[in-house]
Amino acid sequence: MSSDQVRAPGPQPAGSRVEVLTPREVPLGGPRAMTVRRTLPQRARTLIGAWCFADHYGPDDVARTGGMDVPPHPHTGLQTVSWLFTGEIEHRDSLGVHAMVRPGELNLMTGGHGISHSEVSTPGTRILHGVQLWVALPAAHRHAPRDFRHHVPAPVSLDGGELRVFLGSLAGETSPVPTFTPLLGAELTLSPGARLSLPADIAFEHGVLVDQGEAHLDGVPLGPAELGYLPPGAATLEIHNPGPGPARLVLLGGEPFEEEIVMWWNFLAGSHEEIVLARQQWEDASERFGAVDGHDGFRLPAPGLPNARLAPRHNPRTSRPDSVPTSERPAMTDSAAPVVRRDDARHRYEILVAGEVAGFTAYRDRDGRRVFYHTVVDDAYAGQGLAGQLVTHALTDVRDNGGRIVPVCPYVKKFLTKHEEFADLADPVTPEILQWVRTLDGN
């Protein structure tokens, strides 16, 4: 199966915004002969939240294919997330970690500035089946130190299914593993005929990857190995298993990742030049990547760079609710990059796209503090991460002017829980402040 495009999902329920991403088969290099099904990245979509890579493999007969044997290889600017359904993989890395990847257990490795690792299926493995996922690190943390986390999420029984949350929070379960951007990662098994309505973070975009069986996301059918994408704005994930057998899914989610990234081979960076440097340092056996002890074999050499300059990648900027006709949806082109301005007369910060106000966050000043009490982005601009850009600019402006804030607005309050760099600006929301806010603008 090959794609690099969005499959037309056929007739959709009214109001559904689901895109169906079909995988392409990719033979992996080196001694590992496995073929995987890759749904991220592709031309139609580079990321879902900060999830930038999704390989789905198996059930793979190790006796026939030889299983997995990936010699030491490097990573920069990303985290690797290993999640198995069947089999076992031995992990070794230049941090000195020697661990086993087993079904239902999360292994998360932070490449950051540079790390190397090997992955080998164990001799006792007969069938290998799982997913390999990557998470893009934001520029502020792209050179984070090497790290490794292991977590075994407890299975949670649902009415018609079972859930394991390995990153983020869902259905009252929260993973203790920290992430650099807000993320969701979970395995969901649905009984035949089961329907679930899972609470969703409306600031997140979501992906549902079908591992086994079939599923409907928001009424749109998904076949095996397909990934359904749902843009921000959904308060629930409506998932149905219409088949006669169980369905197993991988749920991915996160706030839209607004930064452009350059991805090549096993590297993620901010520019072509950074990729070139990382490749050369790997070839030179630089200490940047360290050494993997205990693997009997060679280091995987880097492939040759293309003759052309590596272009940055980003998501399409036109994924918006279907309720807005295409002809009326403002296109987000480079010349129409969002601009944030402060309008003191109207007591608000505004974000403009192509000169049009796309949203605002309202404030009033009281006792030397800026009280933010309402944030809104027009539906026509949904799914572009504008609210995050707007609030980031507003809080930076307050900080630059030596001020403090009171986060009455639910969005600003939630934003602060995910952006600790602004947490020191905030003062508590008191009953007195709340009463005062209710008198503003007719609230």
# chains A, B, ... in the order shown; residues from 1 in each chain; ligands from 1

$ select_by_dssp --residues "stretch 195-429 of chain A" --states "strand (DSSP E or B)" --output "ChimeraX atom specification"
/A:195-199,205-212,215-217,220-222,227-230,236-240,247-254,261-264,267-269,313,339-343,348-353,356-366,369-377,404-407,426

$ residues_around --residues "A:Ser271" --least-positions-apart "4" --cutoff "10 Å" --atoms "only C-alpha atoms" --output "ChimeraX atom specification"
/A:260-263,275-276,309-312

$ closest_residue --among "A:Phe360, A:Trp436, A:Trp264, A:Phe204" --to "A:Ala235" --atoms "only C-alpha atoms"
A:Phe204

$ residues_around --residues "A:Ile127" --least-positions-apart "3" --cutoff "8 Å" --atoms "only C-alpha atoms" --output "short mmCIF file (atom, residue, chain, number, x, y, z; two decimals) with C-alpha atoms, in the first residue's frame"
data_model
loop_
_atom_site.label_atom_id
_atom_site.label_comp_id
_atom_site.auth_asym_id
_atom_site.auth_seq_id
_atom_site.Cartn_x
_atom_site.Cartn_y
_atom_site.Cartn_z
CA GLY A 58 4.19 -6.88 12.10
CA PRO A 59 2.96 -9.34 12.95
CA ASP A 60 6.39 -10.26 11.61
CA ASP A 61 7.56 -13.90 11.49
CA VAL A 62 11.09 -13.60 12.82
CA THR A 86 4.15 -8.95 20.62
CA GLY A 87 7.81 -9.95 20.98
#

$ select_by_dssp --residues "stretch 24-107 of chain A" --states "helix (DSSP H, G or I)" --output "tab-separated table (two decimals) with C-alpha atoms, in the first residue's frame"
chain	number	residue	atom	x	y	z
A	62	VAL	CA	11.09	-13.60	12.82
A	63	ALA	CA	12.06	-17.05	11.48
A	64	ARG	CA	11.29	-15.80	7.97
A	65	THR	CA	12.54	-12.20	8.09

$ residues_around --residues "stretch 152-164 of chain A" --least-positions-apart "2" --cutoff "8 Å" --atoms "only C-alpha atoms" --output "MDAnalysis selection string"
chainID A and resid 104:106 150 166 175 186:191 194:196

$ residues_around --residues "A:Glu119" --least-positions-apart "6" --cutoff "8 Å" --atoms "only C-alpha atoms" --output "list in words"
Met68, Asp69, Val70, Pro71, Pro72, Ile89, Glu90, His91 and Arg92 of chain A

$ write_last_selection --atoms "C-alpha atoms" --output "PDB file, in the first residue's frame"
ATOM      1  CA  MET A  68      15.094  -6.706  14.069  1.00  0.00           C
ATOM      2  CA  ASP A  69      18.835  -6.120  14.161  1.00  0.00           C
ATOM      3  CA  VAL A  70      19.627  -2.420  13.996  1.00  0.00           C
ATOM      4  CA  PRO A  71      23.263  -1.637  14.828  1.00  0.00           C
ATOM      5  CA  PRO A  72      24.248   1.519  16.715  1.00  0.00           C
ATOM      6  CA  ILE A  89      13.565  -6.072  21.730  1.00  0.00           C
ATOM      7  CA  GLU A  90      16.895  -5.472  23.455  1.00  0.00           C
ATOM      8  CA  HIS A  91      17.815  -1.785  23.709  1.00  0.00           C
ATOM      9  CA  ARG A  92      21.329  -0.439  24.372  1.00  0.00           C
TER      10      ARG A  92
END

$ closest_residue --among "A:Leu47, A:Val340, A:Met109, A:Ile239" --to "A:Phe148" --atoms "only C-alpha atoms"
A:Met109

$ closest_residue --among "A:Ala362, A:Ala278, A:Ala394, A:Val36" --to "A:Ala225" --atoms "only C-alpha atoms"
A:Val36

$ closest_residue --among "A:Leu222, A:Val292, A:Val437, A:Leu251" --to "A:His206" --atoms "only C-alpha atoms"
A:Leu251

$ residues_around --residues "A:Asp293" --least-positions-apart "6" --cutoff "10 Å" --atoms "only C-alpha atoms" --output "number ranges by chain"
A: 72, 92-98, 117-118

$ atom_distance --atom1 "atom CA of A:His73" --atom2 "atom CA of A:Asn266"
8.0 Å

$ residues_around --residues "A:Asn315" --least-positions-apart "6" --cutoff "8 Å" --atoms "only C-alpha atoms" --output "mmCIF file with C-alpha atoms, in the first residue's frame"
data_model
loop_
_atom_site.group_PDB
_atom_site.id
_atom_site.type_symbol
_atom_site.label_atom_id
_atom_site.label_comp_id
_atom_site.auth_asym_id
_atom_site.auth_seq_id
_atom_site.Cartn_x
_atom_site.Cartn_y
_atom_site.Cartn_z
ATOM 1 C CA ALA A 44 -0.255 15.337 3.411
ATOM 2 C CA ARG A 45 0.834 15.743 7.023
ATOM 3 C CA THR A 46 4.201 16.020 8.748
ATOM 4 C CA LEU A 47 3.152 16.001 12.391
#
